[in-house]
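Enquirer: This is the structure I have questions about; it appears just below.
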Amino acid sequence: MATIVELPVESFEGIVDPDWCPGCGDFGVLKGVKMGATKAGVSPKDMVIVSGIGCSSNLPGYVHAYGVHSLHGRAVAVASGIKLANTDLKVVITGGDGDGYGIGIAHFIHAMRRNLDLTYVVMDNQIYGLTTGQASPTTLKDARTKSTPNGNVEFPINPIALALVSGATFVARAFSGEPNHMADLISAGIQHKGFALIDVFSPCVTYNKLNTYQYFKKRVYKLEDEKGYDPANVAKATERSQEWGDRIPIGLFYRSEQPTYESSEPVLRKGPIVRQNMHLDKGVFQGLVTELM
Amino acid sequence: MATIVELPVESFEGIVDPDWCPGCGDFGVLKGVKMGATKAGVSPKDMVIVSGIGCSSNLPGYVHAYGVHSLHGRAVAVASGIKLANTDLKVVITGGDGDGYGIGIAHFIHAMRRNLDLTYVVMDNQIYGLTTGQASPTTLKDARTKSTPNGNVEFPINPIALALVSGATFVARAFSGEPNHMADLISAGIQHKGFALIDVFSPCVTYNKLNTYQYFKKRVYKLEDEKGYDPANVAKATERSQEWGDRIPIGLFYRSEQPTYESSEPVLRKGPIVRQNMHLDKGVFQGLVTELM
Amino acid sequence: MNDLTIGIGGAAGDGIDKSSETLAKTAARSGLYAYGFNSYQSVIRGGHIWLRLRLREERAYSQGDHLQALIALNQDSIERHAPEVESGGAILFNADKLKVNIAIRDNVLTVPLPVGQLTKPFAPVAPVMQNTVAVGALIFLFGLDFAVSSGVLADTFSHKGKAVIDQNVGILKAGYEYAKEHFVPLGYKWNFSGKRRPYVTGNEAFCMGAVAAGCRFYSAYPMTPASGILTWMAEHSERCGVVVKQMEDELAVANVAIGAGFAGARAMCATSGGGFALMTEAIGMAGMIEAPVVFIEVQRGGPSTGIPTKQEQADLNQVYGASQGDFPRIIIAPRDTADCFDTAVEAFNLAEKYQCPVIIISDLLLSEHPETVEPECFRADVPIDRGALLREVNAKNGRYKRYEFTPSGISPRALPGTANAMYVAATDEHDEEGVLISDVFCNPAVRRKIAEKRMKKLALALKELPAPRLEGPADAEVTLIGWGSTAGVIREAVEQLNASGVRANQLHFKYLLPFHQKEAIDILKSCKRTIGVEMNASGQFARLLRAETSHAVSDKILKYDGEPLEPAAIAAQVRAILKGQAHSLDVSQSEAREIAYHYVRVYLGDEVRPGNIGKAESNGYGEPIWNVEIVNRETGAKTGELRVGVQTGSTYSWQPVN
Amino acid sequence: MNDLTIGIGGAAGDGIDKSSETLAKTAARSGLYAYGFNSYQSVIRGGHIWLRLRLREERAYSQGDHLQALIALNQDSIERHAPEVESGGAILFNADKLKVNIAIRDNVLTVPLPVGQLTKPFAPVAPVMQNTVAVGALIFLFGLDFAVSSGVLADTFSHKGKAVIDQNVGILKAGYEYAKEHFVPLGYKWNFSGKRRPYVTGNEAFCMGAVAAGCRFYSAYPMTPASGILTWMAEHSERCGVVVKQMEDELAVANVAIGAGFAGARAMCATSGGGFALMTEAIGMAGMIEAPVVFIEVQRGGPSTGIPTKQEQADLNQVYGASQGDFPRIIIAPRDTADCFDTAVEAFNLAEKYQCPVIIISDLLLSEHPETVEPECFRADVPIDRGALLREVNAKNGRYKRYEFTPSGISPRALPGTANAMYVAATDEHDEEGVLISDVFCNPAVRRKIAEKRMKKLALALKELPAPRLEGPADAEVTLIGWGSTAGVIREAVEQLNASGVRANQLHFKYLLPFHQKEAIDILKSCKRTIGVEMNASGQFARLLRAETSHAVSDKILKYDGEPLEPAAIAAQVRAILKGQAHSLDVSQSEAREIAYHYVRVYLGDEVRPGNIGKAESNGYGEPIWNVEIVNRETGAKTGELRVGVQTGSTYSWQPVN
Ligand SMILES: Cc1ncc(C[n+]2csc(CCOP(=O)(O)OP(=O)(O)O)c2C)c(N)n1
Ligand SMILES: Cc1ncc(C[n+]2csc(CCOP(=O)(O)OP(=O)(O)O)c2C)c(N)n1
Ligand code: SF4
Ligand code: SF4
Ligand SMILES: [Mg+2]
Ligand SMILES: [Mg+2]
């Protein structure tokens with residue numbers, strides 16, 4: 001691994017102040033992303049943060065880096081295009097549970113099986129924040145929300161388990177109440193070659209009165225602190241992914257080294273396509289014409 | 001369980017002959033669906049078969065029952081609407097791997113966590129048949145297809161594992177070469193209260209020269225034949241779902257009884273909404289107006 | 001005639017909505033008409049809300065363009081809105097925290113309220129209750145009925161118990177009594193008819209129309225400004241017997257609704273522009289399989305995510321062009337809140353009669369603003385016409401032809417569960433029985449006839465839809481043409497024009513597809529001069545009108561800055577057009593101030609604000625510029641200068657004073 | 001001048017494509033022009049293919065409407081097509097299996113080929129090689145160059161080795177020699193220029209234009225008739241340095257392409273109508289964030305899944321209305337195969353110059369039919385204009401404004417990776433630097449100016465796009481108006497009309513948005529009578545034209561049965577219109593036969609076919625009817641009667657003979 005040149009975290013300080021509600025979990029994640037990028041030695045000009053739409057998806061606007069604040073649910077697809085066009089860039093996706101596991105779930109799952117070198121930070125508040133409080137795919141069963149006034153009938157999605165089954169090569173969970181721990185995970189995710197998911201409990205203080213800071217503070221424990229927990233063991237990771245209740249694990253569930261999509265794509269061996277000559281070689285072109293005659 | 005009145009399988013005989021390529025695996029599935037419906041005691045007038053678009057998705061046109069040959073990838077959503085509108089109907093979804101696990105994966109996963117009472121038969125040929133042979137989400141790594149002439153770079157999706165993780169309450173796999181076994185699974189799936197997935201190896205003899213009848217004949221074994229295999233054990237099911245190679249399991253991986261969405265939805269307690277009075281009670285309506293004054 | 005507009009300004013969370021509702025319902029229960037519009041304040045810091053509530057003895061057709069009363073909940077609101085209060089009006093504020101520090105108009109009463117002292121007896125008092133003091137005082141000053149307002153509060157808090165009610169009514173009374181003691185009423189003598197009217201938004205009216213019309217399935221994915229429909233439906237689901245299903249995305253929303261419609265439920269879904277884009281493919285399916293479904297597209301500011309909480313009418317092209325190929329669909333743009341109810345009912349009947357998707361096109365203003373509506377508008381006994389629906393099918397008549405080629409194009413429909421009528425509804429092209437002809441066997445003759453069969457339905461539907469008609473003097477000098485939610489504001493503009501001696505009338509369109517070509521052409525021929533008035537940048541409806549009639553409007557009044565049209569502004573623009581004055585897109589002085597406010601907020605911080613503004617010729621920027629002084633908020637001292645391009649609006653340079 | 005149309009009919013898998021390619025390339029290498037069109041046969045059983053190949057010394061602009069040679073690979077093809085072969089032509093078939101059992105025209109040569117005997121020396125022979133005998137015979141009879149054709153075969157099979165080549169060439173020769181021995185040539189004296197021309201489809205031309213223009217990213221999800229682009233791109237990916245990515249759906253396809261375009265790659269994606277519906281939301285995003293991307297929408301028969309392998313031009317409304325709100329986008333409809341190359345190049349330059357999505361609208365015919373194109377049309381050294389692209393940004397000039405409000409509306413663009421230019425591209429409305437103004441802070445003045453900035457780009461782009469112009473005699477009696485792929489067939493219709501004494505000309509549109517309003521109006525004013533010719537049911541382009549110019553075409557010729565337009569049919573309809581004959585939508589006798597064929601195939605089975613057909617007044621069906629006798633295939637005996645409505649096309653009743 002190349003030596004990491006850590007820029008001061010202020011290099012990533014954006015112009016605009018977040019307009020999140022005071023106390024929103026996303027503040028912690030913003031800090032975690034900036035710190036994580038710093039720790040991973042990324043420079044702002046080579047970083048692109050891609051988000052969808054949602055409170056959480058406003059995050060790129062608060063970081064001094066390139067960014068795309070794209071469409072609701074489409075961040076992973078947009079990010080994939082950026083990465084494939086310019087493999088020199090560090091591409092981090094940030095967004096919400098609704099954005100990523102609801103409307104965006106198809107891209108999420110397919111990106112994992114591709115193992116593109118992307119880092120995906122999901123601010124999972126188990127609610128649709130920006131649209132003022134409807135059930136999200138991670139809203140707990142029976143929870144009352146604006147769209148489920150009598151209680152949610154659906155079982156929540158388990159993003160960690162889904163990621164494990166879908167081929168993600170780095171699967172982690174963090175908590176906004178533990179920003180340093182989160183920053184370490186994000187940094188590791190950025191440095192990981194392949195698709196990294198970091199699902200973050202990022203409480204919505206306004207619309208989710210159930211899954212609060214207190215709720216998580218009482219329950220979370222770190223996998224790193226568990227004796228003998230080995231993130232190379234997918235079966236154990238799967239087991240832990242099912243844990244929910246009095247004890248909820250955070251930390252790195254699973255990591256493995258697999259060839260990335262970019263490294264398997266022959267066209268990219270010559271370097272990023274944005275750096276290639278725009279004009280096609282005349283001989284190559286003539287060959288294309290000749291084929292047709 | 002109510003006693004089953006088995007209609008002759010000919011009751012389901014459609015007007016039109018399939019235009020699949022001779023030898024296509026889907027012929028077996030067609031048979032399996034008809035037999036399965038018969039065995040489950042469904043009557044054609046109460047059955048709706050919903051498909052997307054693809055060779056496999058032509059299936060409803062070959063069965064004498066109600067059907068919707070909907071959009072590519074949308075069958076599960078259309079079927080959900082039909083079921084919610086008229087819970088008296090038996091709704092079976094049939095389609096391809098591209099349809100269900102590619103473009104339709106979001107609906108697939110979310111329907112499972114809802115546990116709607118739907119039966120989903122996927123004709124998994126690991127290729128896009130109708131569009132003449134591009135890679136599908138279940139195309140094996142390194143396989144050469146029209147869209148991956150140098151070999152597929154992506155890892156295939158594992159539908160069984162995905163279903164297990166997503167809350168499906170009936171998860172099975174069949175093989176077109178074993179139509180009776182398949183029919184039993186489909187029948188059990190139809191009778192199961194909740195979301196049932198039956199992924200069927202249904203070889204595309206024209207565009208998939210790798211995953212052929214022979215390929216599967218050599219490899220498949222039945223979970224029912226495994227001593228002590230208990231489909232109530234989700235961990236064991238998960239383990240088996242990972243098996244691929246010399247031995248590939250077919251049969252019922254997993255089944256559990258969970259409340260269906262329909263049974264949890266208070267509105268449906270009065271019976272199917274299509275049977276309710278169209279006119280709202282005057283008193284109820286007046287209440288709505290009064291609320292606003 | 002009394003025409004009172006009350007503005008309430010403050011931050012999000014200040015309880016502005018509730019105060020406004022208390023006032024509106026007080027008026028509505030007394031027999032007055034109320035029209036509310038909530039628009040986010042566009043300057044200075046903080047997420048500010050600016051809500052206007054207009055009260056009249058006759059119906060108000062828009063939020064208007066006046067201001068008689070201001071309830072200021074923070075200093076910013078005073079700074080910004082106090083100068084707008086008109087002579088004879090009043091400014092109410094919490095004297096403990098705020099002061100009027102800006103020049104106001106003559107003959108405007110300032111009403112500093114000692115809120116702390118007045119609410120003390122009721123402690124502990126939540127901050128939002130402080131507004132209630134101002135509401136009480138306003139009720140006194142503007143001659144509203146105190147008894148009614150305390151009844152409103154009692155109802156509002158009925159679920160919280162007597163203590164809370166007493167506390168709220170007590171505070172209201174304290175404000176009322178304080179005003180009575182220190183001020184004289186402002187001379188508003190209302191003619192209270194006593195007729196109670198519901199105070200309702202377009203979204204609520206859609207819902208009520210839908211449930212009255214037998215809608216029993218509603219699917220949605222939240223999206224402003226359509227989310228209100230989901231909220232209402234979810235809340236009333238059990239009571240009205242509606243299955244309400246939030247789905248994983250709008251693709252699912254549309255498809256699940258189509259499934260329900262196919263199976264025989266009256267089904268609806270709603271969304272805004274971006275979600276509708278995702279629904280378009282499914283709309284083509286509904287057209288092809290001839291499934292009845294109702295879609296509501298509530299427009300907001302675009303393009304793309306755009307300005308989600310702002311008003312625009314720019315999704316017409318999208319709705320018109322939804323999905324590939326030619327197929328019948330009906331597009332209706334309701335004119336006002338009451339019309340939302342009727343349109344919903346009509347949409348369900350049309351959808352089932354013509355077995356096709358019906359799209360209602362609404363917008364943020366129409367869907368979200370509340371107003372009083374005559375209670376008779378809401379009827380439980382609306383007509384329900386399910387069209388050619390077969391209850392049973394006799395096998396003796398031969399095989400059932402779902403898509404029978406009938407002269408009308410309408411093929412009698414059987415629902416799943418019906419014996420002897422099994423068929424497959426296919427999005428591939430098919431014959432009368434639903435058998436595919438799309439494959440290698442495609443049959444051009446069958447294809448031609450089924451395509452014609454489907455399209456015929458539109459011509460038939462057109463016959464039953466009411467044609468557009470001229471409103472106002474027939475011999476008008478100018479005709480204002482609009483569509484959808486702008487009917488009311490254009491009507492008021494036309495009234496103002498006529499009152500000021502410009503003979504104007506109005507031609508408004510509700511049914512956009514199918515379109516009354518002949519009738520429209522006839523009317524347009526009689527118009528001397530036409531002006532298209534709409535809320536988008538390209539004149540999407542003017543284009544539609546030209547496509548249908550060849551008529552190119554003489555001029556266009558287009559607004560696309562997110563704020564709704566106002567009658568006086570329309571009237572002024574009409575007068576300018578009639579005088580031959582070219583419309584300039586230059587940045588006005590007040591706009592330059594707005595631009596500077598934005599710059600200040602984002603880049604300079606809270607301590608400063610725009611001061612004097614002067615125009616200068618270009619000095620190196622290729623266009624004239626506005627020089628905007630930036631001054632310290634507290635001291636007024638100049639801290640720098642910002643240059644804003646007069647033509648482009650570019651903020652060329654920020655030069656701090658050294 | 002020679003004008004030879006060869007029809008090849010048979011079942012899927014009969015190797016029709018290859019035979020046609022051999023013939024086409026033989027002609028193309030000799031200096032002739034070739035135009036192929038493959039249309040599925042629409043009657044009888046089996047998935048039949050009907051391929052027409054037209055050869056000329058001058059360019060062929062359409063598949064034409066003649067038939068001089070028939071290679072029949074099965075009996076059905078003879079039954080159906082032999083009567084179409086014109087005097088002086090020939091019918092070639094395998095005498096071992098087939099016979100001409102139907103009346104043919106005078107002076108048509110029947111060429112029964114003893115295929116078994118002729119191929120015996122080359123055994124074992126795959127069934128498809130039998131066609132080669134006919135190809136050889138045809139080459140002799142119609143005077144094509146045998147040496148060239150054997151060279152084509154040699155190249156075709158070069159990867160299979162000498163033995164296979166020899167076998168194929170041997171069989172070809174056997175057919176040639178057999179014909180030479182038994183027949184005299186049919187008098188075709190070709191003037192072989194010897195200029196070799198590529199034989200290419202529109203999809204291939206798009207690809208070659210794209211890679212020449214620097215396209216380095218292509219994303220797709222398979223969809224007929226756009227899949228050919230994916231196939232070509234995947235095959236040439238490494239050679240041309242293009243990352244080709246099949247995604248999980250079209251939502252992903254569009255978004256990944258936009259990501260790549262944003263990051264600086266020239267990116268393209270293609271799909272058909274249904275897939276495009278899914279892309280629309282993303283197109284709005286590209287418009288909003290000002291990312292360059294090229295989309296290709298290859299139309300097929302709609303609505304919905306429709307007739308996927310058939311021709312139509314009915315997605316114009318969808319493409320025009322793609323995504324909510326007003327934003328700049330460019331829509332181009334190439335005229336022909338060579339133009340596909342140019343259009344692709346142009347699209348990439350426009351996309352980067354105007355930083356907006358460019359949509360190329362093609363169709364099945366244009367994208368999939370092969371024809372000869374001048375080799376000079378394909379150039380490696382096409383102009384590449386990346387527009388205002390900043391290679392570096394100097395921090396001294398202040399903060400980088402990605403969306404700078406410039407007079408032109410174009411804001412210089414920096415790519416991620418550039419120092420000092422970090423910005424966020426947001427789909428929410430934003431200011432010059434990309435900071436959101438969509439939230440609670442929405443600033444109407446900034447909003448207005450950025451909306452205007454974006455829209456300005458369209459007016460600028462229009463200036464550089466070539467205006468439409470009249471083709472043909474200026475003083476024509478009638479002007480045929482079309483768009484996109486119909487340029488050639490309309491041109492031929494116009495030629496036929498002029499040749500037959502009707503003075504006609506042509507006005508064809510390639511650039512649909514922005515639109516040359518002024519120029520179009522000027523031209524239309526000069527037209528005596530206009531007829532819109534297009535392939536859809538509602539006249540979508542005629543509507544667009546009216547929307548832009550107020551000009552309502554006098555008449556429309558619309559075709560929406562899935563088969564492409566043919567020049568003589570257009571000309572005939574024009575003549576009928578000029579004579580004032582009303583166009584009838586009634587089912588013609590031959591259409592009644594087609595409808596009966598469909599009924600037979602689906603419901604009655606293979607043993608029967610339609611026989612005599614007679615018209616009768618309605619007897620209880622509410623319209624006149626066609627009585628179609630159904631007869632036994634073998635015996636000709638009547639087995640029953642089918643009644644088909646003359647107006648509706650309904651198959652009212654099937655009555656078997658008892
Ligand atoms: C296509 C589309 N559908 C719906 C919306 C409306 N919308 C914006 S954000 C959002 C949900 C946000 O939830 P989540 O992603 O969990 O983010 P959070 O606000 O909770 O951080 C929705 C439904 C949209 N912008 N686009
Ligand atoms: C939105 C959309 N995109 C693409 C297509 C084209 N298409 C039709 S079928 C198909 C794939 C079929 O694959 P699968 O579902 O596996 O079915 P199979 O043909 O293999 O049975 C595709 C891509 C379409 N009809 N609609
Ligand atoms: S609504 Fe919830 S998620 Fe959104 S900013 Fe407020 S606390 Fe955070
Ligand atoms: S292409 Fe494949 S999947 Fe399609 S019908 Fe033929 S064998 Fe079956
Ligand atoms: Mg959330
Ligand atoms: Mg498949």
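Here, A, B, ... name the chains of the structure tokens in the order displayed, residue numbers run from 1 inside each chain, and ligands are numbered from 1 in the same displayed order.
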Chain B residues within 9 Å of chain A, counting only C-alpha atoms: which ones, as number ranges by chain?
Expert: B: 101-107, 109-110, 112-115, 137, 153-158, 161-162, 165-167, 235, 239, 261, 264-265
Enquirer: Chain B residues within 9 Å of chain D, counting only C-alpha atoms: which ones, as a PyMOL selection string?
Expert: chain B and resi 15-17+19+53+70-73+98+101-105+128+131+134-137+146-150
Enquirer: Residues within 10 Å of ligand 4 (only C-alpha atoms and all ligand atoms), as a PyMOL selection string?
Expert: chain B and resi 18-27+54-58+96+123-133+202-208
Enquirer: Keeping only N, CA, C and O atoms, write those residues as a short mmCIF file (atom, residue, chain, number, x, y, z; two decimals), in the first residue's frame.
Expert:
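File part14.cif, as written:
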```
data_model
loop_
_atom_site.label_atom_id
_atom_site.label_comp_id
_atom_site.auth_asym_id
_atom_site.auth_seq_id
_atom_site.Cartn_x
_atom_site.Cartn_y
_atom_site.Cartn_z
N PRO B 18 -47.21 -22.85 -27.76
CA PRO B 18 -46.02 -22.04 -27.48
C PRO B 18 -45.15 -21.90 -28.72
O PRO B 18 -45.03 -22.83 -29.51
N ASP B 19 -44.52 -20.74 -28.88
CA ASP B 19 -43.60 -20.58 -30.00
C ASP B 19 -42.15 -20.62 -29.52
O ASP B 19 -41.27 -20.05 -30.13
N TRP B 20 -41.94 -21.26 -28.39
CA TRP B 20 -40.57 -21.44 -27.92
C TRP B 20 -39.78 -22.35 -28.88
O TRP B 20 -40.37 -23.18 -29.60
N CYS B 21 -38.47 -22.24 -28.86
CA CYS B 21 -37.62 -23.12 -29.66
C CYS B 21 -37.87 -24.56 -29.20
O CYS B 21 -38.04 -24.82 -28.01
N PRO B 22 -37.84 -25.48 -30.15
CA PRO B 22 -37.98 -26.88 -29.76
C PRO B 22 -36.91 -27.22 -28.71
O PRO B 22 -35.75 -26.86 -28.88
N GLY B 23 -37.35 -27.86 -27.65
CA GLY B 23 -36.39 -28.26 -26.61
C GLY B 23 -36.21 -27.25 -25.51
O GLY B 23 -35.54 -27.53 -24.51
N CYS B 24 -36.79 -26.08 -25.64
CA CYS B 24 -36.65 -25.04 -24.62
C CYS B 24 -37.15 -25.56 -23.28
O CYS B 24 -38.20 -26.21 -23.19
N GLY B 25 -36.42 -25.24 -22.22
CA GLY B 25 -36.81 -25.67 -20.89
C GLY B 25 -38.18 -25.19 -20.46
O GLY B 25 -38.82 -25.79 -19.59
N ASP B 26 -38.64 -24.13 -21.07
CA ASP B 26 -39.91 -23.54 -20.63
C ASP B 26 -41.11 -24.45 -20.89
O ASP B 26 -42.14 -24.32 -20.23
N PHE B 27 -40.97 -25.37 -21.84
CA PHE B 27 -42.06 -26.32 -22.06
C PHE B 27 -42.34 -27.11 -20.78
O PHE B 27 -43.48 -27.33 -20.40
N GLY B 54 -40.17 -11.56 -21.96
CA GLY B 54 -39.07 -12.50 -22.18
C GLY B 54 -39.67 -13.74 -22.81
O GLY B 54 -40.89 -13.88 -22.88
N CYS B 55 -38.84 -14.65 -23.28
CA CYS B 55 -39.38 -15.90 -23.81
C CYS B 55 -40.28 -16.53 -22.76
O CYS B 55 -41.44 -16.87 -23.00
N SER B 56 -39.71 -16.70 -21.57
CA SER B 56 -40.42 -17.32 -20.46
C SER B 56 -41.70 -16.58 -20.12
O SER B 56 -42.70 -17.18 -19.74
N SER B 57 -41.67 -15.28 -20.27
CA SER B 57 -42.83 -14.48 -19.89
C SER B 57 -43.99 -14.64 -20.85
O SER B 57 -45.09 -14.13 -20.60
N ASN B 58 -43.78 -15.35 -21.94
CA ASN B 58 -44.91 -15.65 -22.82
C ASN B 58 -45.83 -16.71 -22.21
O ASN B 58 -46.91 -16.97 -22.74
N GLY B 96 -38.67 -14.68 -16.37
CA GLY B 96 -37.29 -15.08 -16.58
C GLY B 96 -36.35 -14.52 -15.53
O GLY B 96 -36.75 -13.73 -14.68
N MET B 123 -38.20 -18.88 -14.55
CA MET B 123 -37.56 -19.76 -15.51
C MET B 123 -36.15 -19.24 -15.72
O MET B 123 -35.90 -18.34 -16.53
N ASP B 124 -35.25 -19.81 -14.95
CA ASP B 124 -33.89 -19.29 -14.87
C ASP B 124 -33.02 -20.02 -15.89
O ASP B 124 -32.61 -21.16 -15.67
N ASN B 125 -32.77 -19.37 -17.01
CA ASN B 125 -31.92 -19.98 -18.04
C ASN B 125 -30.55 -19.32 -18.11
O ASN B 125 -29.78 -19.55 -19.04
N GLN B 126 -30.30 -18.43 -17.17
CA GLN B 126 -29.00 -17.78 -17.05
C GLN B 126 -28.60 -17.03 -18.32
O GLN B 126 -27.41 -16.93 -18.65
N ILE B 127 -29.59 -16.50 -18.99
CA ILE B 127 -29.34 -15.76 -20.24
C ILE B 127 -30.56 -14.91 -20.55
O ILE B 127 -31.64 -15.17 -20.02
N TYR B 128 -30.38 -13.90 -21.37
CA TYR B 128 -31.51 -13.18 -21.94
C TYR B 128 -31.86 -13.87 -23.24
O TYR B 128 -31.18 -13.70 -24.24
N GLY B 129 -32.93 -14.66 -23.20
CA GLY B 129 -33.29 -15.43 -24.38
C GLY B 129 -33.91 -14.58 -25.47
O GLY B 129 -33.43 -14.53 -26.60
N LEU B 130 -34.98 -13.88 -25.11
CA LEU B 130 -35.76 -13.19 -26.14
C LEU B 130 -34.94 -12.16 -26.91
O LEU B 130 -35.15 -11.96 -28.10
N THR B 131 -34.00 -11.54 -26.24
CA THR B 131 -33.18 -10.55 -26.94
C THR B 131 -31.93 -11.19 -27.55
O THR B 131 -30.96 -10.50 -27.84
N THR B 132 -31.97 -12.50 -27.66
CA THR B 132 -31.00 -13.30 -28.41
C THR B 132 -29.61 -13.39 -27.80
O THR B 132 -28.61 -13.33 -28.50
N GLY B 133 -29.61 -13.55 -26.46
CA GLY B 133 -28.40 -14.08 -25.86
C GLY B 133 -27.41 -13.18 -25.16
O GLY B 133 -26.20 -13.43 -25.23
N SER B 202 -34.19 -23.81 -16.31
CA SER B 202 -34.99 -24.04 -17.50
C SER B 202 -34.12 -23.71 -18.71
O SER B 202 -34.15 -22.59 -19.23
N PRO B 203 -33.34 -24.68 -19.17
CA PRO B 203 -32.28 -24.38 -20.14
C PRO B 203 -32.77 -23.70 -21.42
O PRO B 203 -33.80 -24.08 -21.99
N CYS B 204 -32.01 -22.71 -21.84
CA CYS B 204 -32.20 -22.09 -23.15
C CYS B 204 -31.30 -22.83 -24.11
O CYS B 204 -30.08 -22.70 -24.06
N VAL B 205 -31.93 -23.63 -24.96
CA VAL B 205 -31.12 -24.49 -25.82
C VAL B 205 -30.47 -23.71 -26.96
O VAL B 205 -29.54 -24.18 -27.59
N THR B 206 -30.96 -22.50 -27.18
CA THR B 206 -30.45 -21.73 -28.30
C THR B 206 -29.28 -20.82 -27.93
O THR B 206 -28.30 -20.71 -28.67
N TYR B 207 -29.35 -20.19 -26.78
CA TYR B 207 -28.33 -19.19 -26.47
C TYR B 207 -27.44 -19.51 -25.27
O TYR B 207 -26.51 -18.79 -25.00
N ASN B 208 -27.77 -20.54 -24.54
CA ASN B 208 -26.90 -20.88 -23.43
C ASN B 208 -26.36 -22.30 -23.64
O ASN B 208 -27.02 -23.30 -23.35
#
```
Enquirer: List the spatial neighbours of region 18-32 of chain C as a list of chain:residue names - criterion: any atom at most 7 Å away, only C-alpha atoms, same-chain residues fewer than 3 positions off excluded.
Expert: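 Surrounding residues, per the criterion: B:Met293, C:Gly15, C:Leu53, C:Leu55, C:Arg56, C:Glu57, C:Asn131, C:Thr132, C:Val135, C:Val148, C:Ser149, C:Val152, C:Leu153, C:Phe192, C:Ser193, C:Gly194, C:Lys195, C:Arg196, C:Arg197, C:Tyr199, C:Thr372.
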Enquirer: Would you give me, as a short mmCIF file (atom, residue, chain, number, x, y, z; two decimals) with C-alpha atoms, in the first residue's frame, the residues in region 379-578 of chain C that DSSP reads as strand (DSSP E or B)?
Expert:
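The resulting file, result14.cif, is reproduced below:
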```
data_model
loop_
_atom_site.label_atom_id
_atom_site.label_comp_id
_atom_site.auth_asym_id
_atom_site.auth_seq_id
_atom_site.Cartn_x
_atom_site.Cartn_y
_atom_site.Cartn_z
CA LEU C 389 -68.43 -4.16 -17.27
CA LEU C 390 -69.68 -7.71 -17.63
CA ARG C 413 -64.67 -5.96 -19.81
CA ALA C 414 -64.80 -9.01 -17.57
CA VAL C 424 -54.56 -12.62 -21.00
CA ALA C 425 -54.03 -8.88 -20.98
CA ALA C 426 -50.85 -8.42 -22.96
CA ASP C 428 -47.57 -7.06 -26.77
CA HIS C 430 -52.84 -8.77 -29.71
CA LEU C 436 -50.39 -12.02 -29.40
CA LEU C 470 -65.01 32.32 -22.84
CA GLU C 471 -65.53 33.86 -19.43
CA VAL C 478 -57.60 40.96 -24.77
CA THR C 479 -58.16 37.33 -23.81
CA LEU C 480 -56.05 35.70 -21.14
CA ILE C 481 -55.54 32.01 -21.79
CA GLY C 482 -54.60 29.60 -19.08
CA TRP C 483 -54.92 26.03 -17.91
CA ALA C 504 -60.42 41.59 -20.83
CA ASN C 505 -61.80 38.10 -20.71
CA GLN C 506 -60.54 34.63 -19.99
CA LEU C 507 -60.32 31.34 -21.84
CA HIS C 508 -59.38 28.50 -19.57
CA PHE C 509 -58.66 24.87 -20.35
CA TYR C 511 -59.45 19.04 -20.60
CA LEU C 512 -56.13 18.79 -22.38
CA LEU C 513 -56.42 15.38 -24.01
CA THR C 530 -54.58 36.58 -26.81
CA ILE C 531 -52.07 36.31 -24.01
CA GLY C 532 -51.04 32.92 -22.67
CA VAL C 533 -50.50 33.01 -18.94
CA GLU C 534 -48.70 30.08 -17.41
CA ASP C 555 -48.00 37.24 -26.17
CA LYS C 556 -47.06 35.18 -23.18
CA ILE C 557 -46.85 35.95 -19.51
CA LEU C 558 -44.56 33.31 -18.06
#
```
